[in-house]
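Down below is the structure, laid out as structure tokens.
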Amino acid sequence: MRLKNKVSIITGAAQGIGLATALKFAREGAIVIVCDLRQAAVDAAVAQCRELGALADGFALDVTDRTAVDAMVAAVKARHGRIDTLVNNAGITKDARLQKMTIEQFDAVIDVNLRAVFHCAQAVADTMVEQGAGVILNASSVVGIYGNFGQTNYAATKFGVIGFTKTWSRELGPKGVRVNAVAPGFIETPILATIPDKVMEQMRHDVPLRRLGKPEEIANVYAFLASDEASYINGTVIEVAGGLTV
Ligand code: NAD
């Protein structure tokens, strides 16, 4: 119960790493705030958290909509009185080589993976500073450290959130708020659905552990970073990639 009663907003929590994180936080005693696009998927994730005995609420919204994000944060504060953790997990891909990438593909990924991370963090920052405590966790990627073929837009956002992490850790650290990023390698979730089998096989082979990661293996790291066990970890990026980049 490392996260007992910690009010934790998790974006993109209806599936994949976000859902695994919501369930892990629920098991660790957190009050889980599930945020994702579709109401039915949000309701299903909230129900799973409650089955684990957690207090959980859901918000169906698009994190690129600042008004909706502000309304969610206000509602969470009104109901629970505080916000302890924000996991900026929602993310998308729209891959194409540099010469083929459309402005629409570029903008869509920047909006969700970068601009919305700014929206969500800005929306909770005042509350966390007033509390003198809080944790913001950003979803980066090994692609944000090393780049990747066909991912100009995605790589820029994942590198960008590392910039956010380091900047916010300097700005908010003195006020008691820790900010860190997690850089997963290749994790088995629907986000990999469009990758051809042959490429997936090569990805498995490239990892020294010879397998893809599981969403729960990222959720475990978020839970640790959100907990008081990580009280001196600030402004860092933790790579969770099975040794992919060694
Ligand atoms: P996923 O596609 O399985 O889940 C992403 C979730 O975010 C979905 O439920 C989706 O509905 C939600 N979402 C997307 N746009 C949204 C929006 N505008 N507003 C609210 N919710 C929105 O992805 P995943 O694999 O679980 O990835 C989660 C995060 O981890 C992403 O930021 C991703 O870039 C990052 N990541 C994933 C991997 C991987 O291999 N799976 C590797 C590195 C980093």
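Ordered as shown in the structure tokens, chains take letters A, B, and onward, while each chain numbers its residues from 1 and ligands are numbered from 1 in the order shown.
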Closest contacts (stretch 75-101 of chain A/stretch 180-186 of chain A, max 10 Å, only C-alpha atoms) as a Markdown table:
| residue | atom | partner | partner_atom | distance |
| --- | --- | --- | --- | --- |
| A:Val87 | CA | A:Ala181 | CA | 9.4 |
| A:Asn88 | CA | A:Ala181 | CA | 9.2 |
| A:Asn89 | CA | A:Val182 | CA | 9.7 |
For the residues in the current selection, export N, CA and C atoms as a JSON list (two decimals), in the first residue's frame.
[["chain", "number", "residue", "atom", "x", "y", "z"],
["A", 87, "VAL", "N", 0.12, 11.15, -13.86],
["A", 87, "VAL", "CA", 0.90, 10.33, -14.80],
["A", 87, "VAL", "C", 0.46, 10.75, -16.20],
["A", 88, "ASN", "N", 1.33, 11.44, -16.88],
["A", 88, "ASN", "CA", 1.07, 11.92, -18.24],
["A", 88, "ASN", "C", 1.38, 10.78, -19.20],
["A", 89, "ASN", "N", 0.42, 9.86, -19.34],
["A", 89, "ASN", "CA", 0.68, 8.63, -20.10],
["A", 89, "ASN", "C", 0.07, 8.63, -21.50]]
If we count only C-alpha atoms and set the cut-off at 12 Å, which residues sit around A:Pro174, ignoring sequence neighbours fewer than 4 positions away in its own chain? Please answer as a PDB file with N, CA and C atoms, in the first residue's frame.
ATOM      1  N   MET A 128      -0.254  21.359  -6.562  1.00  0.00           N
ATOM      2  CA  MET A 128       0.872  20.634  -5.961  1.00  0.00           C
ATOM      3  C   MET A 128       1.808  21.581  -5.216  1.00  0.00           C
ATOM      4  N   VAL A 129       2.031  22.753  -5.787  1.00  0.00           N
ATOM      5  CA  VAL A 129       2.907  23.736  -5.123  1.00  0.00           C
ATOM      6  C   VAL A 129       2.262  24.207  -3.811  1.00  0.00           C
ATOM      7  N   GLY A 132       2.770  21.758  -1.292  1.00  0.00           N
ATOM      8  CA  GLY A 132       4.188  21.535  -0.966  1.00  0.00           C
ATOM      9  C   GLY A 132       4.603  20.116  -1.253  1.00  0.00           C
ATOM     10  N   ALA A 133       3.813  19.429  -2.084  1.00  0.00           N
ATOM     11  CA  ALA A 133       4.114  18.028  -2.406  1.00  0.00           C
ATOM     12  C   ALA A 133       3.348  17.613  -3.651  1.00  0.00           C
ATOM     13  N   GLY A 134       3.943  16.694  -4.385  1.00  0.00           N
ATOM     14  CA  GLY A 134       3.284  16.155  -5.572  1.00  0.00           C
ATOM     15  C   GLY A 134       4.308  15.473  -6.454  1.00  0.00           C
ATOM     16  N   TRP A 168      10.855  21.235 -15.357  1.00  0.00           N
ATOM     17  CA  TRP A 168       9.896  21.281 -14.244  1.00  0.00           C
ATOM     18  C   TRP A 168      10.534  20.794 -12.941  1.00  0.00           C
ATOM     19  N   SER A 169      11.479  19.861 -13.043  1.00  0.00           N
ATOM     20  CA  SER A 169      12.133  19.397 -11.805  1.00  0.00           C
ATOM     21  C   SER A 169      12.938  20.533 -11.179  1.00  0.00           C
ATOM     22  N   ARG A 170      13.491  21.416 -12.025  1.00  0.00           N
ATOM     23  CA  ARG A 170      14.203  22.585 -11.492  1.00  0.00           C
ATOM     24  C   ARG A 170      13.225  23.606 -10.912  1.00  0.00           C
ATOM     25  N   ARG A 178       8.191  16.548  -7.193  1.00  0.00           N
ATOM     26  CA  ARG A 178       9.173  15.791  -7.982  1.00  0.00           C
ATOM     27  C   ARG A 178       8.620  15.531  -9.383  1.00  0.00           C
ATOM     28  N   VAL A 179       9.506  15.592 -10.380  1.00  0.00           N
ATOM     29  CA  VAL A 179       9.096  15.351 -11.770  1.00  0.00           C
ATOM     30  C   VAL A 179      10.106  14.398 -12.402  1.00  0.00           C
ATOM     31  N   ASN A 234      14.507  12.912  -8.715  1.00  0.00           N
ATOM     32  CA  ASN A 234      13.882  14.102  -9.331  1.00  0.00           C
ATOM     33  C   ASN A 234      14.637  14.464 -10.603  1.00  0.00           C
TER      34      ASN A 234
END
Open item on the list: List the spatial neighbours of A:Val63 as a PyMOL selection string - criterion: any atom at most 9 Å away, only C-alpha atoms, same-chain residues fewer than 6 positions off excluded.
Closed with: chain A and resi 11-12+35-37+69+90+111-112+115-117+119-120
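Using only C-alpha atoms and all ligand atoms, the smallest distance between any of A:Arg204, A:Lys100, A:Arg79, A:Lys4 and ligand 1 comes from A:Arg204.
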To test your reading of the structure, identify every residue in stretch 59-171 of chain A that backbone DSSP assigns to helix (DSSP H, G or I), and report it as a PDB file with N, CA and C atoms, in the first residue's frame.
ATOM      1  N   ARG A  66      -7.865  21.849 -23.403  1.00  0.00           N
ATOM      2  CA  ARG A  66      -7.433  22.457 -22.142  1.00  0.00           C
ATOM      3  C   ARG A  66      -8.599  22.749 -21.195  1.00  0.00           C
ATOM      4  N   THR A  67      -9.729  23.177 -21.774  1.00  0.00           N
ATOM      5  CA  THR A  67     -10.896  23.467 -20.938  1.00  0.00           C
ATOM      6  C   THR A  67     -11.357  22.207 -20.210  1.00  0.00           C
ATOM      7  N   ALA A  68     -11.369  21.095 -20.943  1.00  0.00           N
ATOM      8  CA  ALA A  68     -11.794  19.822 -20.337  1.00  0.00           C
ATOM      9  C   ALA A  68     -10.797  19.373 -19.269  1.00  0.00           C
ATOM     10  N   VAL A  69      -9.513  19.555 -19.534  1.00  0.00           N
ATOM     11  CA  VAL A  69      -8.480  19.169 -18.551  1.00  0.00           C
ATOM     12  C   VAL A  69      -8.648  20.005 -17.276  1.00  0.00           C
ATOM     13  N   ASP A  70      -8.829  21.314 -17.440  1.00  0.00           N
ATOM     14  CA  ASP A  70      -9.009  22.181 -16.273  1.00  0.00           C
ATOM     15  C   ASP A  70     -10.252  21.789 -15.474  1.00  0.00           C
ATOM     16  N   ALA A  71     -11.323  21.434 -16.195  1.00  0.00           N
ATOM     17  CA  ALA A  71     -12.563  21.031 -15.511  1.00  0.00           C
ATOM     18  C   ALA A  71     -12.344  19.736 -14.732  1.00  0.00           C
ATOM     19  N   MET A  72     -11.587  18.793 -15.323  1.00  0.00           N
ATOM     20  CA  MET A  72     -11.306  17.533 -14.611  1.00  0.00           C
ATOM     21  C   MET A  72     -10.515  17.820 -13.331  1.00  0.00           C
ATOM     22  N   VAL A  73      -9.482  18.626 -13.452  1.00  0.00           N
ATOM     23  CA  VAL A  73      -8.634  18.916 -12.286  1.00  0.00           C
ATOM     24  C   VAL A  73      -9.461  19.607 -11.196  1.00  0.00           C
ATOM     25  N   ALA A  74     -10.325  20.543 -11.602  1.00  0.00           N
ATOM     26  CA  ALA A  74     -11.183  21.228 -10.619  1.00  0.00           C
ATOM     27  C   ALA A  74     -12.122  20.232  -9.940  1.00  0.00           C
ATOM     28  N   ALA A  75     -12.677  19.310 -10.719  1.00  0.00           N
ATOM     29  CA  ALA A  75     -13.608  18.324 -10.152  1.00  0.00           C
ATOM     30  C   ALA A  75     -12.880  17.379  -9.189  1.00  0.00           C
ATOM     31  N   VAL A  76     -11.669  16.956  -9.553  1.00  0.00           N
ATOM     32  CA  VAL A  76     -10.904  16.052  -8.676  1.00  0.00           C
ATOM     33  C   VAL A  76     -10.580  16.768  -7.366  1.00  0.00           C
ATOM     34  N   LYS A  77     -10.185  18.033  -7.482  1.00  0.00           N
ATOM     35  CA  LYS A  77      -9.842  18.812  -6.282  1.00  0.00           C
ATOM     36  C   LYS A  77     -11.064  19.007  -5.383  1.00  0.00           C
ATOM     37  N   ALA A  78     -12.196  19.298  -6.027  1.00  0.00           N
ATOM     38  CA  ALA A  78     -13.427  19.516  -5.252  1.00  0.00           C
ATOM     39  C   ALA A  78     -13.821  18.235  -4.519  1.00  0.00           C
ATOM     40  N   ARG A  79     -13.654  17.092  -5.173  1.00  0.00           N
ATOM     41  CA  ARG A  79     -14.098  15.827  -4.575  1.00  0.00           C
ATOM     42  C   ARG A  79     -13.105  15.293  -3.556  1.00  0.00           C
ATOM     43  N   HIS A  80     -11.804  15.377  -3.879  1.00  0.00           N
ATOM     44  CA  HIS A  80     -10.805  14.701  -3.031  1.00  0.00           C
ATOM     45  C   HIS A  80      -9.902  15.658  -2.258  1.00  0.00           C
ATOM     46  N   ILE A 103       1.679  17.224 -42.543  1.00  0.00           N
ATOM     47  CA  ILE A 103       1.567  18.204 -41.447  1.00  0.00           C
ATOM     48  C   ILE A 103       0.533  17.713 -40.434  1.00  0.00           C
ATOM     49  N   GLU A 104      -0.541  17.061 -40.950  1.00  0.00           N
ATOM     50  CA  GLU A 104      -1.594  16.556 -40.048  1.00  0.00           C
ATOM     51  C   GLU A 104      -1.026  15.490 -39.112  1.00  0.00           C
ATOM     52  N   GLN A 105      -0.217  14.571 -39.676  1.00  0.00           N
ATOM     53  CA  GLN A 105       0.407  13.537 -38.831  1.00  0.00           C
ATOM     54  C   GLN A 105       1.325  14.186 -37.798  1.00  0.00           C
ATOM     55  N   PHE A 106       2.091  15.149 -38.249  1.00  0.00           N
ATOM     56  CA  PHE A 106       3.033  15.826 -37.356  1.00  0.00           C
ATOM     57  C   PHE A 106       2.282  16.517 -36.220  1.00  0.00           C
ATOM     58  N   ASP A 107       1.272  17.316 -36.594  1.00  0.00           N
ATOM     59  CA  ASP A 107       0.553  18.114 -35.594  1.00  0.00           C
ATOM     60  C   ASP A 107      -0.221  17.242 -34.601  1.00  0.00           C
ATOM     61  N   ALA A 108      -0.820  16.157 -35.103  1.00  0.00           N
ATOM     62  CA  ALA A 108      -1.634  15.311 -34.218  1.00  0.00           C
ATOM     63  C   ALA A 108      -0.778  14.733 -33.095  1.00  0.00           C
ATOM     64  N   VAL A 109       0.410  14.280 -33.438  1.00  0.00           N
ATOM     65  CA  VAL A 109       1.278  13.667 -32.421  1.00  0.00           C
ATOM     66  C   VAL A 109       1.838  14.725 -31.477  1.00  0.00           C
ATOM     67  N   ILE A 110       2.191  15.882 -32.019  1.00  0.00           N
ATOM     68  CA  ILE A 110       2.670  16.973 -31.152  1.00  0.00           C
ATOM     69  C   ILE A 110       1.563  17.378 -30.165  1.00  0.00           C
ATOM     70  N   ASP A 111       0.329  17.434 -30.650  1.00  0.00           N
ATOM     71  CA  ASP A 111      -0.786  17.881 -29.797  1.00  0.00           C
ATOM     72  C   ASP A 111      -0.999  16.952 -28.602  1.00  0.00           C
ATOM     73  N   VAL A 112      -1.033  15.640 -28.864  1.00  0.00           N
ATOM     74  CA  VAL A 112      -1.340  14.696 -27.771  1.00  0.00           C
ATOM     75  C   VAL A 112      -0.103  14.459 -26.897  1.00  0.00           C
ATOM     76  N   ASN A 113       1.033  14.190 -27.536  1.00  0.00           N
ATOM     77  CA  ASN A 113       2.197  13.710 -26.775  1.00  0.00           C
ATOM     78  C   ASN A 113       3.005  14.829 -26.128  1.00  0.00           C
ATOM     79  N   LEU A 114       2.820  16.047 -26.613  1.00  0.00           N
ATOM     80  CA  LEU A 114       3.646  17.141 -26.075  1.00  0.00           C
ATOM     81  C   LEU A 114       2.772  18.262 -25.500  1.00  0.00           C
ATOM     82  N   ARG A 115       1.925  18.856 -26.351  1.00  0.00           N
ATOM     83  CA  ARG A 115       1.115  19.983 -25.896  1.00  0.00           C
ATOM     84  C   ARG A 115       0.207  19.577 -24.719  1.00  0.00           C
ATOM     85  N   ALA A 116      -0.406  18.391 -24.822  1.00  0.00           N
ATOM     86  CA  ALA A 116      -1.333  17.975 -23.759  1.00  0.00           C
ATOM     87  C   ALA A 116      -0.597  17.654 -22.464  1.00  0.00           C
ATOM     88  N   VAL A 117       0.646  17.221 -22.571  1.00  0.00           N
ATOM     89  CA  VAL A 117       1.449  16.976 -21.361  1.00  0.00           C
ATOM     90  C   VAL A 117       1.678  18.306 -20.640  1.00  0.00           C
ATOM     91  N   PHE A 118       1.941  19.341 -21.420  1.00  0.00           N
ATOM     92  CA  PHE A 118       2.054  20.698 -20.863  1.00  0.00           C
ATOM     93  C   PHE A 118       0.735  21.120 -20.199  1.00  0.00           C
ATOM     94  N   HIS A 119      -0.399  20.899 -20.933  1.00  0.00           N
ATOM     95  CA  HIS A 119      -1.714  21.276 -20.368  1.00  0.00           C
ATOM     96  C   HIS A 119      -1.937  20.608 -19.010  1.00  0.00           C
ATOM     97  N   CYS A 120      -1.738  19.310 -18.977  1.00  0.00           N
ATOM     98  CA  CYS A 120      -2.070  18.555 -17.753  1.00  0.00           C
ATOM     99  C   CYS A 120      -1.158  18.966 -16.600  1.00  0.00           C
ATOM    100  N   ALA A 121       0.133  19.117 -16.903  1.00  0.00           N
ATOM    101  CA  ALA A 121       1.070  19.497 -15.837  1.00  0.00           C
ATOM    102  C   ALA A 121       0.749  20.898 -15.331  1.00  0.00           C
ATOM    103  N   GLN A 122       0.464  21.818 -16.260  1.00  0.00           N
ATOM    104  CA  GLN A 122       0.159  23.184 -15.834  1.00  0.00           C
ATOM    105  C   GLN A 122      -1.127  23.212 -15.006  1.00  0.00           C
ATOM    106  N   ALA A 123      -2.067  22.339 -15.379  1.00  0.00           N
ATOM    107  CA  ALA A 123      -3.357  22.320 -14.675  1.00  0.00           C
ATOM    108  C   ALA A 123      -3.227  21.851 -13.225  1.00  0.00           C
ATOM    109  N   VAL A 124      -2.238  21.001 -12.927  1.00  0.00           N
ATOM    110  CA  VAL A 124      -2.095  20.499 -11.543  1.00  0.00           C
ATOM    111  C   VAL A 124      -1.006  21.228 -10.757  1.00  0.00           C
ATOM    112  N   ALA A 125      -0.157  21.994 -11.437  1.00  0.00           N
ATOM    113  CA  ALA A 125       1.052  22.516 -10.776  1.00  0.00           C
ATOM    114  C   ALA A 125       0.734  23.418  -9.583  1.00  0.00           C
ATOM    115  N   ASP A 126      -0.223  24.340  -9.737  1.00  0.00           N
ATOM    116  CA  ASP A 126      -0.521  25.255  -8.622  1.00  0.00           C
ATOM    117  C   ASP A 126      -0.947  24.483  -7.380  1.00  0.00           C
ATOM    118  N   THR A 127      -1.803  23.483  -7.601  1.00  0.00           N
ATOM    119  CA  THR A 127      -2.291  22.683  -6.470  1.00  0.00           C
ATOM    120  C   THR A 127      -1.131  21.979  -5.775  1.00  0.00           C
ATOM    121  N   MET A 128      -0.254  21.359  -6.562  1.00  0.00           N
ATOM    122  CA  MET A 128       0.872  20.634  -5.961  1.00  0.00           C
ATOM    123  C   MET A 128       1.808  21.581  -5.216  1.00  0.00           C
ATOM    124  N   VAL A 129       2.031  22.753  -5.787  1.00  0.00           N
ATOM    125  CA  VAL A 129       2.907  23.736  -5.123  1.00  0.00           C
ATOM    126  C   VAL A 129       2.262  24.207  -3.811  1.00  0.00           C
ATOM    127  N   GLU A 130       0.941  24.463  -3.844  1.00  0.00           N
ATOM    128  CA  GLU A 130       0.243  24.861  -2.599  1.00  0.00           C
ATOM    129  C   GLU A 130       0.367  23.780  -1.529  1.00  0.00           C
ATOM    130  N   GLN A 131       0.270  22.517  -1.971  1.00  0.00           N
ATOM    131  CA  GLN A 131       0.383  21.396  -1.030  1.00  0.00           C
ATOM    132  C   GLN A 131       1.819  21.247  -0.511  1.00  0.00           C
ATOM    133  N   VAL A 143      12.694   5.871 -27.902  1.00  0.00           N
ATOM    134  CA  VAL A 143      12.688   6.602 -29.185  1.00  0.00           C
ATOM    135  C   VAL A 143      12.995   8.090 -28.966  1.00  0.00           C
ATOM    136  N   GLY A 144      12.666   8.585 -27.778  1.00  0.00           N
ATOM    137  CA  GLY A 144      12.956   9.970 -27.442  1.00  0.00           C
ATOM    138  C   GLY A 144      14.407  10.204 -27.069  1.00  0.00           C
ATOM    139  N   ILE A 145      15.145   9.120 -26.896  1.00  0.00           N
ATOM    140  CA  ILE A 145      16.568   9.254 -26.548  1.00  0.00           C
ATOM    141  C   ILE A 145      17.429   8.943 -27.779  1.00  0.00           C
ATOM    142  N   TYR A 146      17.003   7.937 -28.543  1.00  0.00           N
ATOM    143  CA  TYR A 146      17.848   7.445 -29.634  1.00  0.00           C
ATOM    144  C   TYR A 146      17.263   7.693 -31.023  1.00  0.00           C
ATOM    145  N   THR A 152       9.656  10.757 -36.826  1.00  0.00           N
ATOM    146  CA  THR A 152      10.075  12.156 -36.635  1.00  0.00           C
ATOM    147  C   THR A 152       9.227  12.853 -35.564  1.00  0.00           C
ATOM    148  N   ASN A 153       7.912  12.758 -35.739  1.00  0.00           N
ATOM    149  CA  ASN A 153       6.991  13.459 -34.831  1.00  0.00           C
ATOM    150  C   ASN A 153       7.054  12.867 -33.416  1.00  0.00           C
ATOM    151  N   TYR A 154       6.952  11.534 -33.347  1.00  0.00           N
ATOM    152  CA  TYR A 154       6.935  10.840 -32.051  1.00  0.00           C
ATOM    153  C   TYR A 154       8.247  11.058 -31.298  1.00  0.00           C
ATOM    154  N   ALA A 155       9.369  10.909 -31.994  1.00  0.00           N
ATOM    155  CA  ALA A 155      10.678  11.079 -31.351  1.00  0.00           C
ATOM    156  C   ALA A 155      10.819  12.489 -30.788  1.00  0.00           C
ATOM    157  N   ALA A 156      10.339  13.479 -31.556  1.00  0.00           N
ATOM    158  CA  ALA A 156      10.442  14.869 -31.091  1.00  0.00           C
ATOM    159  C   ALA A 156       9.640  15.060 -29.799  1.00  0.00           C
ATOM    160  N   THR A 157       8.446  14.448 -29.733  1.00  0.00           N
ATOM    161  CA  THR A 157       7.625  14.624 -28.520  1.00  0.00           C
ATOM    162  C   THR A 157       8.251  13.912 -27.330  1.00  0.00           C
ATOM    163  N   LYS A 158       8.806  12.731 -27.577  1.00  0.00           N
ATOM    164  CA  LYS A 158       9.342  11.956 -26.453  1.00  0.00           C
ATOM    165  C   LYS A 158      10.649  12.549 -25.949  1.00  0.00           C
ATOM    166  N   PHE A 159      11.414  13.170 -26.870  1.00  0.00           N
ATOM    167  CA  PHE A 159      12.574  13.957 -26.464  1.00  0.00           C
ATOM    168  C   PHE A 159      12.089  15.211 -25.733  1.00  0.00           C
ATOM    169  N   GLY A 160      11.004  15.799 -26.241  1.00  0.00           N
ATOM    170  CA  GLY A 160      10.438  17.024 -25.652  1.00  0.00           C
ATOM    171  C   GLY A 160      10.002  16.828 -24.209  1.00  0.00           C
ATOM    172  N   VAL A 161       9.387  15.695 -23.904  1.00  0.00           N
ATOM    173  CA  VAL A 161       8.927  15.519 -22.517  1.00  0.00           C
ATOM    174  C   VAL A 161      10.106  15.320 -21.561  1.00  0.00           C
ATOM    175  N   ILE A 162      11.247  14.899 -22.105  1.00  0.00           N
ATOM    176  CA  ILE A 162      12.444  14.856 -21.252  1.00  0.00           C
ATOM    177  C   ILE A 162      12.863  16.295 -20.913  1.00  0.00           C
ATOM    178  N   GLY A 163      12.738  17.179 -21.890  1.00  0.00           N
ATOM    179  CA  GLY A 163      13.000  18.605 -21.632  1.00  0.00           C
ATOM    180  C   GLY A 163      12.039  19.170 -20.598  1.00  0.00           C
ATOM    181  N   PHE A 164      10.759  18.822 -20.725  1.00  0.00           N
ATOM    182  CA  PHE A 164       9.778  19.236 -19.708  1.00  0.00           C
ATOM    183  C   PHE A 164      10.215  18.749 -18.326  1.00  0.00           C
ATOM    184  N   THR A 165      10.568  17.463 -18.290  1.00  0.00           N
ATOM    185  CA  THR A 165      10.881  16.812 -17.010  1.00  0.00           C
ATOM    186  C   THR A 165      12.032  17.537 -16.306  1.00  0.00           C
ATOM    187  N   LYS A 166      13.076  17.826 -17.068  1.00  0.00           N
ATOM    188  CA  LYS A 166      14.251  18.453 -16.466  1.00  0.00           C
ATOM    189  C   LYS A 166      13.942  19.898 -16.051  1.00  0.00           C
ATOM    190  N   THR A 167      13.170  20.594 -16.893  1.00  0.00           N
ATOM    191  CA  THR A 167      12.816  21.982 -16.577  1.00  0.00           C
ATOM    192  C   THR A 167      11.895  22.054 -15.361  1.00  0.00           C
ATOM    193  N   TRP A 168      10.855  21.235 -15.357  1.00  0.00           N
ATOM    194  CA  TRP A 168       9.896  21.281 -14.244  1.00  0.00           C
ATOM    195  C   TRP A 168      10.534  20.794 -12.941  1.00  0.00           C
ATOM    196  N   SER A 169      11.479  19.861 -13.043  1.00  0.00           N
ATOM    197  CA  SER A 169      12.133  19.397 -11.805  1.00  0.00           C
ATOM    198  C   SER A 169      12.938  20.533 -11.179  1.00  0.00           C
ATOM    199  N   ARG A 170      13.491  21.416 -12.025  1.00  0.00           N
ATOM    200  CA  ARG A 170      14.203  22.585 -11.492  1.00  0.00           C
ATOM    201  C   ARG A 170      13.225  23.606 -10.912  1.00  0.00           C
ATOM    202  N   GLU A 171      12.107  23.832 -11.640  1.00  0.00           N
ATOM    203  CA  GLU A 171      11.148  24.858 -11.201  1.00  0.00           C
ATOM    204  C   GLU A 171      10.356  24.425  -9.968  1.00  0.00           C
TER     205      GLU A 171
END
TODO: State, in Å with one decimal place, the distance from atom CA of A:Thr85 to atom CA of A:Ser227.
DONE: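 Between atom CA of A:Thr85 and atom CA of A:Ser227 the gap is 9.3 Å.
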- [ ] May I ask for the distance between atom CA of A:Asp197 and atom CA of A:Glu217, given in Å to one decimal place?
- [x]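 That distance, rounded to one decimal, is 22.4 Å.
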Task: Residue set, stretch 94-223 of chain A restricted to strand (DSSP E or B), as a ChimeraX atom specification - done: /A:96,134-139,151,177-184,187,213
Put those residues in a file: N, CA and C atoms, as an mmCIF file, in the first residue's frame.
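Saved to out_5.cif:
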data_model
loop_
_atom_site.group_PDB
_atom_site.id
_atom_site.type_symbol
_atom_site.label_atom_id
_atom_site.label_comp_id
_atom_site.auth_asym_id
_atom_site.auth_seq_id
_atom_site.Cartn_x
_atom_site.Cartn_y
_atom_site.Cartn_z
ATOM 1 N N ALA A 96 5.581 7.994 -40.258
ATOM 2 C CA ALA A 96 5.929 8.112 -41.682
ATOM 3 C C ALA A 96 7.367 8.632 -41.745
ATOM 4 N N GLY A 134 3.943 16.694 -4.385
ATOM 5 C CA GLY A 134 3.284 16.155 -5.572
ATOM 6 C C GLY A 134 4.308 15.473 -6.454
ATOM 7 N N VAL A 135 3.798 14.673 -7.373
ATOM 8 C CA VAL A 135 4.678 13.949 -8.301
ATOM 9 C C VAL A 135 4.073 14.043 -9.701
ATOM 10 N N ILE A 136 4.892 14.454 -10.664
ATOM 11 C CA ILE A 136 4.475 14.436 -12.068
ATOM 12 C C ILE A 136 5.380 13.452 -12.804
ATOM 13 N N LEU A 137 4.755 12.519 -13.517
ATOM 14 C CA LEU A 137 5.510 11.503 -14.253
ATOM 15 C C LEU A 137 5.140 11.591 -15.730
ATOM 16 N N ASN A 138 6.137 11.646 -16.576
ATOM 17 C CA ASN A 138 5.908 11.818 -18.013
ATOM 18 C C ASN A 138 6.327 10.565 -18.777
ATOM 19 N N ALA A 139 5.499 10.196 -19.771
ATOM 20 C CA ALA A 139 5.823 9.033 -20.609
ATOM 21 C C ALA A 139 6.735 9.474 -21.742
ATOM 22 N N GLN A 151 9.691 7.935 -37.256
ATOM 23 C CA GLN A 151 9.016 8.536 -36.098
ATOM 24 C C GLN A 151 9.515 9.953 -35.787
ATOM 25 N N VAL A 177 7.791 19.373 -5.226
ATOM 26 C CA VAL A 177 7.163 18.547 -6.278
ATOM 27 C C VAL A 177 8.269 17.865 -7.086
ATOM 28 N N ARG A 178 8.191 16.548 -7.193
ATOM 29 C CA ARG A 178 9.173 15.791 -7.982
ATOM 30 C C ARG A 178 8.620 15.531 -9.383
ATOM 31 N N VAL A 179 9.506 15.592 -10.380
ATOM 32 C CA VAL A 179 9.096 15.351 -11.770
ATOM 33 C C VAL A 179 10.106 14.398 -12.402
ATOM 34 N N ASN A 180 9.601 13.299 -12.936
ATOM 35 C CA ASN A 180 10.473 12.311 -13.582
ATOM 36 C C ASN A 180 9.823 11.776 -14.851
ATOM 37 N N ALA A 181 10.620 11.123 -15.675
ATOM 38 C CA ALA A 181 10.100 10.505 -16.900
ATOM 39 C C ALA A 181 10.493 9.033 -16.922
ATOM 40 N N VAL A 182 9.671 8.262 -17.624
ATOM 41 C CA VAL A 182 9.983 6.851 -17.851
ATOM 42 C C VAL A 182 10.126 6.663 -19.356
ATOM 43 N N ALA A 183 11.186 5.976 -19.756
ATOM 44 C CA ALA A 183 11.422 5.723 -21.182
ATOM 45 C C ALA A 183 11.323 4.220 -21.436
ATOM 46 N N PRO A 184 10.117 3.751 -21.779
ATOM 47 C CA PRO A 184 9.976 2.318 -22.057
ATOM 48 C C PRO A 184 10.636 1.963 -23.393
ATOM 49 N N ILE A 187 6.953 -2.318 -25.621
ATOM 50 C CA ILE A 187 6.046 -2.919 -24.642
ATOM 51 C C ILE A 187 4.814 -3.428 -25.384
ATOM 52 N N GLY A 213 8.485 -5.987 -23.488
ATOM 53 C CA GLY A 213 8.081 -5.761 -22.102
ATOM 54 C C GLY A 213 6.572 -5.889 -21.946
#
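Computed from the coordinates, the atom CA of A:Arg27 to atom CA of A:Lys214 distance equals 17.3 Å.
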Open item on the list: Ranking A:Val199, A:Ile9, A:Val221, A:Ala193 by minimum distance to ligand 1 and counting only C-alpha atoms and all ligand atoms, which one comes first?
Closed with: A:Ala193
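The nearest approach to ligand 1 among the residues A:Thr64, A:Gln48, A:Asn220, A:Ser231, with only C-alpha atoms and all ligand atoms taken into account, belongs to A:Thr64.
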Open item on the list: Under the rule that only C-alpha atoms and all ligand atoms are counted, which of A:Glu216, A:Asp206, A:Glu201, A:Glu51 is the nearest residue to ligand 1?
Closed with: A:Glu216
